[in-house]
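Next comes coords-v1.pdb, a file with PDB, C-alpha atoms and all ligand atoms.
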```pdb
ATOM      1  CA  MET Y 232     113.079  86.694 101.822
ATOM      2  CA  GLY Y 233     113.132  84.308  98.865
ATOM      3  CA  GLY Y 234     115.373  84.685  95.836
ATOM      4  CA  ALA Y 235     112.665  86.448  93.854
ATOM      5  CA  ILE Y 236     113.189  89.781  95.478
ATOM      6  CA  ASP Y 237     116.097  92.141  95.407
ATOM      7  CA  SER Y 238     114.951  95.041  97.520
ATOM      8  CA  ILE Y 239     116.666  98.376  97.282
ATOM      9  CA  PRO Y 240     116.734  99.576 100.885
ATOM     10  CA  CYS Y 241     115.326 103.046 100.455
ATOM     11  CA  LEU Y 242     112.432 102.850 102.860
ATOM     12  CA  THR Y 243     111.489 106.297 104.074
ATOM     13  CA  ALA Y 244     109.085 106.546 106.961
ATOM     14  CA  ASP Y 245     108.133 109.536 109.055
ATOM     15  CA  ALA Y 246     108.325 109.476 112.849
ATOM     16  CA  ILE Y 247     105.091 107.533 113.283
ATOM     17  CA  GLY Y 248     105.620 105.472 110.179
ATOM     18  CA  SER Y 249     102.588 106.820 108.345
ATOM     19  CA  ALA Y 250     104.480 107.431 105.115
ATOM     20  CA  LEU Y 251     106.114 104.499 103.408
ATOM     21  CA  THR Y 252     107.852 104.439 100.082
ATOM     22  CA  ARG Y 253     110.093 101.689  98.858
ATOM     23  CA  VAL Y 254     111.433 100.942  95.431
ATOM     24  CA  THR Y 255     111.499  97.208  94.911
ATOM     25  CA  THR Y 256     113.035  95.461  91.947
ATOM     26  CA  LEU Y 257     111.485  92.085  91.278
ATOM     27  CA  ARG Y 258     112.348  89.543  88.601
ATOM     28  CA  ARG Y 259     110.874  91.673  85.861
ATOM     29  CA  VAL Y 260     109.152  94.536  87.658
ATOM     30  CA  LYS Y 261     110.426  97.716  89.226
ATOM     31  CA  ALA Y 262     107.706  98.983  91.486
ATOM     32  CA  THR Y 263     107.285 101.515  94.245
ATOM     33  CA  ILE Y 264     105.515 100.419  97.385
ATOM     34  CA  GLU Y 265     103.708 103.399  98.819
ATOM     35  CA  LEU Y 266     100.451 104.511 100.393
ATOM     36  CA  LEU Y 267      97.728 104.127  97.771
ATOM     37  CA  PRO Y 268      97.406 107.551  96.138
ATOM     38  CA  PRO Y 269      93.846 108.893  95.643
ATOM     39  CA  ARG Y 270      94.242 108.892  91.839
ATOM     40  CA  LEU Y 271      94.478 105.076  91.981
ATOM     41  CA  TYR Y 272      91.462 104.410  94.249
ATOM     42  CA  GLY Y 273      89.322 103.450  91.250
ATOM     43  CA  GLU Y 274      91.987 101.076  89.938
ATOM     44  CA  ALA Y 275      92.251  99.467  93.382
ATOM     45  CA  VAL Y 276      88.530  98.725  93.504
ATOM     46  CA  GLU Y 277      88.697  97.340  89.944
ATOM     47  CA  LEU Y 278      91.611  95.113  90.938
ATOM     48  CA  TRP Y 279      89.702  93.778  93.956
ATOM     49  CA  CYS Y 280      86.725  92.962  91.736
ATOM     50  CA  GLU Y 281      88.952  91.361  89.097
ATOM     51  CA  THR Y 282      90.708  89.151  91.639
ATOM     52  CA  GLY Y 283      87.484  88.008  93.290
ATOM     53  CA  LEU Y 284      87.973  89.758  96.634
ATOM     54  CA  THR Y 285      84.653  91.583  96.736
ATOM     55  CA  ARG Y 286      81.393  90.263  98.150
ATOM     56  CA  PRO Y 287      77.897  91.610  97.431
ATOM     57  CA  TRP Y 288      77.413  92.623 101.055
ATOM     58  CA  ASN Y 289      80.645  94.648 101.206
ATOM     59  CA  ASP Y 290      81.143  98.018  99.532
ATOM     60  CA  PRO Y 291      84.818  98.004  98.504
ATOM     61  CA  GLU Y 292      84.905 101.721  97.846
ATOM     62  CA  ALA Y 293      83.559 102.457 101.337
ATOM     63  CA  ASP Y 294      86.038  99.941 102.796
ATOM     64  CA  LEU Y 295      88.849 101.738 101.000
ATOM     65  CA  ARG Y 296      87.825 105.205 102.175
ATOM     66  CA  LYS Y 297      87.411 104.005 105.767
ATOM     67  CA  ALA Y 298      90.860 102.425 105.698
ATOM     68  CA  MET Y 299      92.456 105.546 104.247
ATOM     69  CA  THR Y 300      90.835 107.915 106.719
ATOM     70  CA  GLY Y 301      91.154 105.723 109.825
ATOM     71  CA  SER Y 302      93.997 106.415 112.240
ATOM     72  CA  ALA Y 303      94.975 102.735 112.491
ATOM     73  CA  SER Y 304      94.725 101.571 108.896
ATOM     74  CA  THR Y 305      95.810 102.270 105.351
ATOM     75  CA  VAL Y 306      96.070 100.690 101.927
ATOM     76  CA  LEU Y 307      99.527 100.033 100.517
ATOM     77  CA  ALA Y 308     100.105  99.874  96.789
ATOM     78  CA  ALA Y 309     102.778  98.592  94.421
ATOM     79  CA  VAL Y 310     102.915 100.999  91.517
ATOM     80  CA  ALA Y 311     104.982 100.950  88.315
ATOM     81  CA  ASP Y 312     104.755 103.699  85.685
ATOM     82  CA  ASP Y 313     101.646 105.000  87.425
ATOM     83  CA  VAL Y 314      99.928 101.621  86.984
ATOM     84  CA  LEU Y 315      98.641  99.837  90.081
ATOM     85  CA  LEU Y 316     100.146  96.341  90.296
ATOM     86  CA  ALA Y 317      99.192  95.261  93.816
ATOM     87  CA  THR Y 318      97.411  96.361  96.968
ATOM     88  CA  ALA Y 319      97.088  95.360 100.586
ATOM     89  CA  MET Y 320      94.862  96.928 103.212
ATOM     90  CA  VAL Y 321      96.628  96.891 106.559
ATOM     91  CA  GLY Y 322      95.524  97.988 109.973
ATOM     92  CA  HIS Y 323      95.673  97.127 113.634
ATOM     93  CA  ASP Y 324      93.255  96.897 116.555
ATOM     94  CA  GLY Y 325      95.886  97.883 119.128
ATOM     95  CA  HIS Y 326      96.831  94.266 119.742
ATOM     96  CA  ARG Y 327      97.219  92.578 116.351
ATOM     97  CA  GLY Y 328      97.808  93.688 112.802
ATOM     98  CA  TRP Y 329      95.353  92.598 110.112
ATOM     99  CA  VAL Y 330      95.630  92.387 106.335
ATOM    100  CA  TYR Y 331      92.748  92.555 103.862
ATOM    101  CA  TYR Y 332      92.398  93.094 100.118
ATOM    102  CA  LEU Y 333      95.776  91.629  99.241
ATOM    103  CA  ALA Y 334      95.737  91.484  95.464
ATOM    104  CA  VAL Y 335      98.305  91.327  92.689
ATOM    105  CA  ARG Y 336      97.273  92.165  89.122
ATOM    106  CA  PRO Y 337      96.791  88.791  87.399
ATOM    107  CA  GLY Y 338      99.419  89.426  84.685
ATOM    108  CA  HIS Y 339     101.994  90.241  87.371
ATOM    109  CA  GLN Y 340     101.482  87.374  89.796
ATOM    110  CA  ARG Y 341     104.314  84.995  90.738
ATOM    111  CA  HIS Y 342     106.984  87.709  90.370
ATOM    112  CA  GLY Y 343     107.374  88.472  94.065
ATOM    113  CA  LEU Y 344     104.934  91.371  94.350
ATOM    114  CA  GLY Y 345     102.713  89.578  96.867
ATOM    115  CA  ARG Y 346     105.691  88.809  99.069
ATOM    116  CA  ALA Y 347     107.002  92.380  98.757
ATOM    117  CA  ILE Y 348     103.753  94.086  99.693
ATOM    118  CA  MET Y 349     103.198  91.683 102.595
ATOM    119  CA  GLY Y 350     106.683  92.623 103.797
ATOM    120  CA  ALA Y 351     105.636  96.273 103.684
ATOM    121  CA  CYS Y 352     102.490  95.422 105.699
ATOM    122  CA  GLU Y 353     104.625  93.678 108.311
ATOM    123  CA  GLU Y 354     106.847  96.761 108.597
ATOM    124  CA  TRP Y 355     103.807  99.046 108.840
ATOM    125  CA  VAL Y 356     102.429  96.968 111.730
ATOM    126  CA  SER Y 357     105.809  96.564 113.429
ATOM    127  CA  ALA Y 358     106.434 100.321 113.262
ATOM    128  CA  ARG Y 359     103.352 100.750 115.470
ATOM    129  CA  GLY Y 360     104.684  98.497 118.218
ATOM    130  CA  ILE Y 361     102.417  95.577 117.319
ATOM    131  CA  ALA Y 362     104.123  92.200 117.506
ATOM    132  CA  LYS Y 363     101.701  90.025 115.517
ATOM    133  CA  ILE Y 364     100.117  90.203 112.093
ATOM    134  CA  GLN Y 365      97.374  87.922 110.854
ATOM    135  CA  LEU Y 366      94.731  87.549 108.203
ATOM    136  CA  MET Y 367      91.791  85.398 107.240
ATOM    137  CA  VAL Y 368      91.630  83.084 104.224
ATOM    138  CA  ARG Y 369      88.433  81.370 103.160
ATOM    139  CA  LEU Y 370      88.465  77.648 103.904
ATOM    140  CA  GLY Y 371      89.468  75.637 100.860
ATOM    141  CA  ASN Y 372      91.455  78.447  99.222
ATOM    142  CA  GLU Y 373      94.512  76.222  99.025
ATOM    143  CA  PRO Y 374      96.586  78.305  96.551
ATOM    144  CA  VAL Y 375      96.398  81.363  98.796
ATOM    145  CA  ILE Y 376      97.132  79.291 101.899
ATOM    146  CA  ALA Y 377     100.196  77.894 100.070
ATOM    147  CA  PHE Y 378     101.307  81.452  99.259
ATOM    148  CA  TYR Y 379     101.092  82.553 102.910
ATOM    149  CA  GLN Y 380     102.862  79.416 104.057
ATOM    150  CA  ARG Y 381     105.768  80.271 101.735
ATOM    151  CA  LEU Y 382     105.956  83.577 103.602
ATOM    152  CA  GLY Y 383     106.137  81.806 106.979
ATOM    153  CA  TYR Y 384     102.514  82.189 108.050
ATOM    154  CA  ILE Y 385     101.023  79.278 109.979
ATOM    155  CA  ASP Y 386      97.503  78.127 110.765
ATOM    156  CA  ALA Y 387      96.531  79.830 114.045
ATOM    157  CA  GLU Y 388      94.056  77.003 114.735
ATOM    158  CA  VAL Y 389      91.229  79.288 115.722
ATOM    159  CA  VAL Y 390      87.661  79.511 114.487
ATOM    160  CA  VAL Y 391      86.505  82.999 113.583
ATOM    161  CA  LEU Y 392      82.958  83.648 114.769
ATOM    162  CA  GLY Y 393      81.065  86.612 113.390
ATOM    163  CA  ARG Y 394      77.685  88.252 113.302
ATOM    164  CA  ARG Y 395      76.389  90.907 110.922
ATOM    165  CA  LEU Y 396      75.142  94.072 112.589
ATOM    166  CA  ASP Y 397      73.422  95.461 109.491
ATOM    167  CA  ALA Y 398      70.015  93.966 108.804
ATOM    168  CA  GLU Y 399      70.305  93.754 104.995
ATOM    169  CA  SER Y 400      73.356  91.493 104.859
ATOM    170  CA  PRO Y 401      73.404  87.659 105.011
TER
HETATM  171  C1  LIG E 501      97.830  85.424  96.501
HETATM  172  C2  LIG E 501      98.587  86.475  95.701
HETATM  173  C3  LIG E 501      98.489  87.824  96.395
HETATM  174  C4  LIG E 501     100.078  86.056  95.603
HETATM  175  O1  LIG E 501     100.819  87.106  94.992
HETATM  176  P1  LIG E 501     102.050  86.806  94.048
HETATM  177  O2  LIG E 501     102.686  88.101  93.681
HETATM  178  O3  LIG E 501     101.634  85.941  92.935
HETATM  179  O4  LIG E 501     103.002  85.983  95.011
HETATM  180  P2  LIG E 501     104.606  85.986  95.021
HETATM  181  O5  LIG E 501     105.102  85.933  93.616
HETATM  182  O6  LIG E 501     105.101  87.110  95.865
HETATM  183  O7  LIG E 501     104.896  84.603  95.733
HETATM  184  C5  LIG E 501     105.577  84.504  96.975
HETATM  185  C6  LIG E 501     105.864  83.049  97.216
HETATM  186  O8  LIG E 501     104.640  82.322  97.287
HETATM  187  C7  LIG E 501     104.608  81.308  96.301
HETATM  188  N1  LIG E 501     103.265  81.244  95.732
HETATM  189  C8  LIG E 501     102.573  82.246  95.182
HETATM  190  N2  LIG E 501     101.380  81.803  94.759
HETATM  191  C9  LIG E 501     101.352  80.482  95.046
HETATM  192  C10 LIG E 501     100.396  79.468  94.827
HETATM  193  N3  LIG E 501      99.235  79.715  94.219
HETATM  194  N4  LIG E 501     100.681  78.220  95.244
HETATM  195  C11 LIG E 501     101.864  77.939  95.855
HETATM  196  N5  LIG E 501     102.832  78.883  96.083
HETATM  197  C12 LIG E 501     102.552  80.136  95.685
HETATM  198  C13 LIG E 501     105.599  81.730  95.247
HETATM  199  O9  LIG E 501     106.123  80.633  94.534
HETATM  200  C14 LIG E 501     106.655  82.431  96.076
HETATM  201  O10 LIG E 501     107.531  81.514  96.662
HETATM  202  P3  LIG E 501     109.129  81.853  96.758
HETATM  203  O11 LIG E 501     109.257  83.351  96.935
HETATM  204  O12 LIG E 501     109.573  81.101  97.933
HETATM  205  O13 LIG E 501     109.683  81.418  95.458
HETATM  206  C15 LIG E 501      98.039  86.570  94.251
HETATM  207  O14 LIG E 501      97.985  85.287  93.691
HETATM  208  C16 LIG E 501      96.651  87.183  94.172
HETATM  209  O15 LIG E 501      96.505  88.400  94.079
HETATM  210  N6  LIG E 501      95.600  86.339  94.173
HETATM  211  C17 LIG E 501      94.221  86.820  93.992
HETATM  212  C18 LIG E 501      93.707  87.580  95.181
HETATM  213  C19 LIG E 501      93.714  86.757  96.468
HETATM  214  O16 LIG E 501      93.283  85.627  96.484
HETATM  215  N7  LIG E 501      94.235  87.378  97.541
HETATM  216  C20 LIG E 501      94.325  86.761  98.850
HETATM  217  C21 LIG E 501      93.079  86.996  99.631
HETATM  218  S1  LIG E 501      93.150  86.173 101.220
END
```

Could you spell out this file's structure in structure tokens?
Amino acid sequence: MGGAIDSIPCLTADAIGSALTRVTTLRRVKATIELLPPRLYGEAVELWCETGLTRPWNDPEADLRKAMTGSASTVLAAVADDVLLATAMVGHDGHRGWVYYLAVRPGHQRHGLGRAIMGACEEWVSARGIAKIQLMVRLGNEPVIAFYQRLGYIDAEVVVLGRRLDAESP
């Protein structure tokens, strides 16, 4: 952990690690990291739009609901005074953990929230007996690559190949 974060170790997780609440004090923010509560679903989708994470061929609301109802996924949130400051969708395929929709509210970036919520994702994945976590970053997105590198993530040197299975999408 870098100097930005002074975590209060009050993680509470149930036997299978499905609940997760942590109070984290950052440079200027005291936030709770918890499962995204339904009252903040709308704010989460707004945050994803605001931070440029949505694409016309993806429905972020449907993505969110799938993640929240799936048995191997969830969305974590950093919340302060009932305001959503950051999110990360985390899940696993039985072999690796994956992170999507990592976003920190623009006015609260560079205060350690991204690092804190990624730490919570790592714990969520680890608690399920999965030894590796990974994510995809669009080529050329150097600032985000620099962020992940600060957290110890390295280029896996793989090419991701994909194919749409729904006719309407590019
Ligand atoms: C990427 C993002 C989540 C980072 O969150 P953040 O709260 O600003 O990051 P943190 O403050 O926790 O930074 C953690 C470390 O990364 C570094 N860092 C953060 N952003 C950086 C950047 N753009 N360039 C270089 N380093 C960066 C910080 O200096 C810090 O280093 P330190 O702890 O060793 O001092 C945030 O910028 C964001 O929401 N961006 C828009 C959405 C997005 O692109 N998400 C990623 C999709 S793949």

Residue members of the PyMOL selection byres (((chain Y and resi 358-361) around 8) and not hetatm) in the file shown, as a ChimeraX atom specification: /Y:247-248,323,325-328,354-357,362-364

Residues of chain Y that have any atom at most 10 Å from an atom of ligand LIG 501 (chain E): could you tabulate them with the shortest-distance atom pair and the distance in Å to one decimal, using only C-alpha atoms and all ligand atoms, ordered by chain and increasing number, as a Markdown table?
```
| residue | atom | partner | partner_atom | distance |
| --- | --- | --- | --- | --- |
| Y:Met232 | CA | E:LIG501 | O11 | 7.0 |
| Y:Gly233 | CA | E:LIG501 | O11 | 4.4 |
| Y:Gly234 | CA | E:LIG501 | O11 | 6.4 |
| Y:Ala235 | CA | E:LIG501 | O11 | 5.5 |
| Y:Ile236 | CA | E:LIG501 | O11 | 7.7 |
| Y:Leu257 | CA | E:LIG501 | O5 | 9.2 |
| Y:Arg258 | CA | E:LIG501 | O5 | 9.5 |
| Y:Leu278 | CA | E:LIG501 | O15 | 8.9 |
| Y:Trp279 | CA | E:LIG501 | C18 | 7.5 |
| Y:Cys280 | CA | E:LIG501 | C18 | 9.5 |
| Y:Glu281 | CA | E:LIG501 | C17 | 8.5 |
| Y:Thr282 | CA | E:LIG501 | C17 | 4.8 |
| Y:Gly283 | CA | E:LIG501 | C18 | 6.5 |
| Y:Leu284 | CA | E:LIG501 | C18 | 6.3 |
| Y:Leu316 | CA | E:LIG501 | O2 | 9.3 |
| Y:Ala317 | CA | E:LIG501 | O15 | 7.4 |
| Y:Thr318 | CA | E:LIG501 | O15 | 8.5 |
| Y:Ala319 | CA | E:LIG501 | C3 | 8.7 |
| Y:Val330 | CA | E:LIG501 | S1 | 8.4 |
| Y:Tyr331 | CA | E:LIG501 | S1 | 6.9 |
| Y:Tyr332 | CA | E:LIG501 | C21 | 6.2 |
| Y:Leu333 | CA | E:LIG501 | N7 | 4.8 |
| Y:Ala334 | CA | E:LIG501 | O15 | 3.5 |
| Y:Val335 | CA | E:LIG501 | O15 | 3.7 |
| Y:Arg336 | CA | E:LIG501 | O15 | 6.3 |
| Y:Pro337 | CA | E:LIG501 | O15 | 6.7 |
| Y:Gly338 | CA | E:LIG501 | O3 | 9.2 |
| Y:His339 | CA | E:LIG501 | O2 | 6.7 |
| Y:Gln340 | CA | E:LIG501 | O3 | 3.5 |
| Y:Arg341 | CA | E:LIG501 | O5 | 3.1 |
| Y:His342 | CA | E:LIG501 | O5 | 4.2 |
| Y:Gly343 | CA | E:LIG501 | O6 | 3.2 |
| Y:Leu344 | CA | E:LIG501 | O2 | 4.0 |
| Y:Gly345 | CA | E:LIG501 | O2 | 3.5 |
| Y:Arg346 | CA | E:LIG501 | O6 | 3.7 |
| Y:Ala347 | CA | E:LIG501 | O6 | 6.3 |
| Y:Ile348 | CA | E:LIG501 | O6 | 8.1 |
| Y:Met349 | CA | E:LIG501 | O6 | 8.4 |
| Y:Gly350 | CA | E:LIG501 | O6 | 9.8 |
| Y:Leu366 | CA | E:LIG501 | S1 | 7.3 |
| Y:Met367 | CA | E:LIG501 | S1 | 6.2 |
| Y:Val368 | CA | E:LIG501 | S1 | 4.6 |
| Y:Arg369 | CA | E:LIG501 | S1 | 7.0 |
| Y:Asn372 | CA | E:LIG501 | O16 | 7.9 |
| Y:Glu373 | CA | E:LIG501 | N4 | 7.5 |
| Y:Pro374 | CA | E:LIG501 | N3 | 3.8 |
| Y:Val375 | CA | E:LIG501 | C1 | 4.9 |
| Y:Ile376 | CA | E:LIG501 | N4 | 7.6 |
| Y:Ala377 | CA | E:LIG501 | C11 | 4.5 |
| Y:Phe378 | CA | E:LIG501 | O8 | 4.0 |
| Y:Tyr379 | CA | E:LIG501 | O8 | 6.7 |
| Y:Gln380 | CA | E:LIG501 | O8 | 7.6 |
| Y:Arg381 | CA | E:LIG501 | O8 | 5.0 |
| Y:Leu382 | CA | E:LIG501 | C6 | 6.4 |
| Y:Gly383 | CA | E:LIG501 | O12 | 9.7 |
```

Check what the PyMOL selection byres (((chain Y and resi 288) around 12) and not hetatm) selects in the file above and give those residues as a PyMOL selection string. chain Y and resi 284-287+289-291+293-294+395-401

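Using only C-alpha atoms, the nearest neighbour of Y:Val321 within the list Y:Gly371, Y:Gly273, Y:Leu392, Y:Leu266 is Y:Leu266.
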
Could you tell me which residues the PyMOL selection byres (((chain Y and resi 268) around 10) and not hetatm) returns for this structure, as a list in words? Glu265, Leu266, Leu267, Pro269, Arg270, Leu271, Tyr272, Ala275, Met299, Val306, Leu307, Ala308, Val310 and Leu315 of chain Y

Export, as a tab-separated table (two decimals), in the frame of the given file, the selected residues with C-alpha atoms.
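In the end it all went to part-v2.tsv:
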```tsv
chain	number	residue	atom	x	y	z
Y	265	GLU	CA	103.71	103.40	98.82
Y	266	LEU	CA	100.45	104.51	100.39
Y	267	LEU	CA	97.73	104.13	97.77
Y	269	PRO	CA	93.85	108.89	95.64
Y	270	ARG	CA	94.24	108.89	91.84
Y	271	LEU	CA	94.48	105.08	91.98
Y	272	TYR	CA	91.46	104.41	94.25
Y	275	ALA	CA	92.25	99.47	93.38
Y	299	MET	CA	92.46	105.55	104.25
Y	306	VAL	CA	96.07	100.69	101.93
Y	307	LEU	CA	99.53	100.03	100.52
Y	308	ALA	CA	100.10	99.87	96.79
Y	310	VAL	CA	102.92	101.00	91.52
Y	315	LEU	CA	98.64	99.84	90.08
```

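As for atom CA of Y:Asp386 and atom CA of Y:Leu370, they are spaced 11.4 Å apart.
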
Report, in Å with one decimal, the straight-line distance from atom CA of Y:Val390 to atom CA of Y:Cys352.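 Computing it gives 23.5 Å between the two atoms.
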
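Of the residues listed (Y:Glu277, Y:Trp329, Y:Glu353, Y:Val391), Y:Trp329 shows the shortest atom-to-atom separation from Y:Gln365; distances use only C-alpha atoms.
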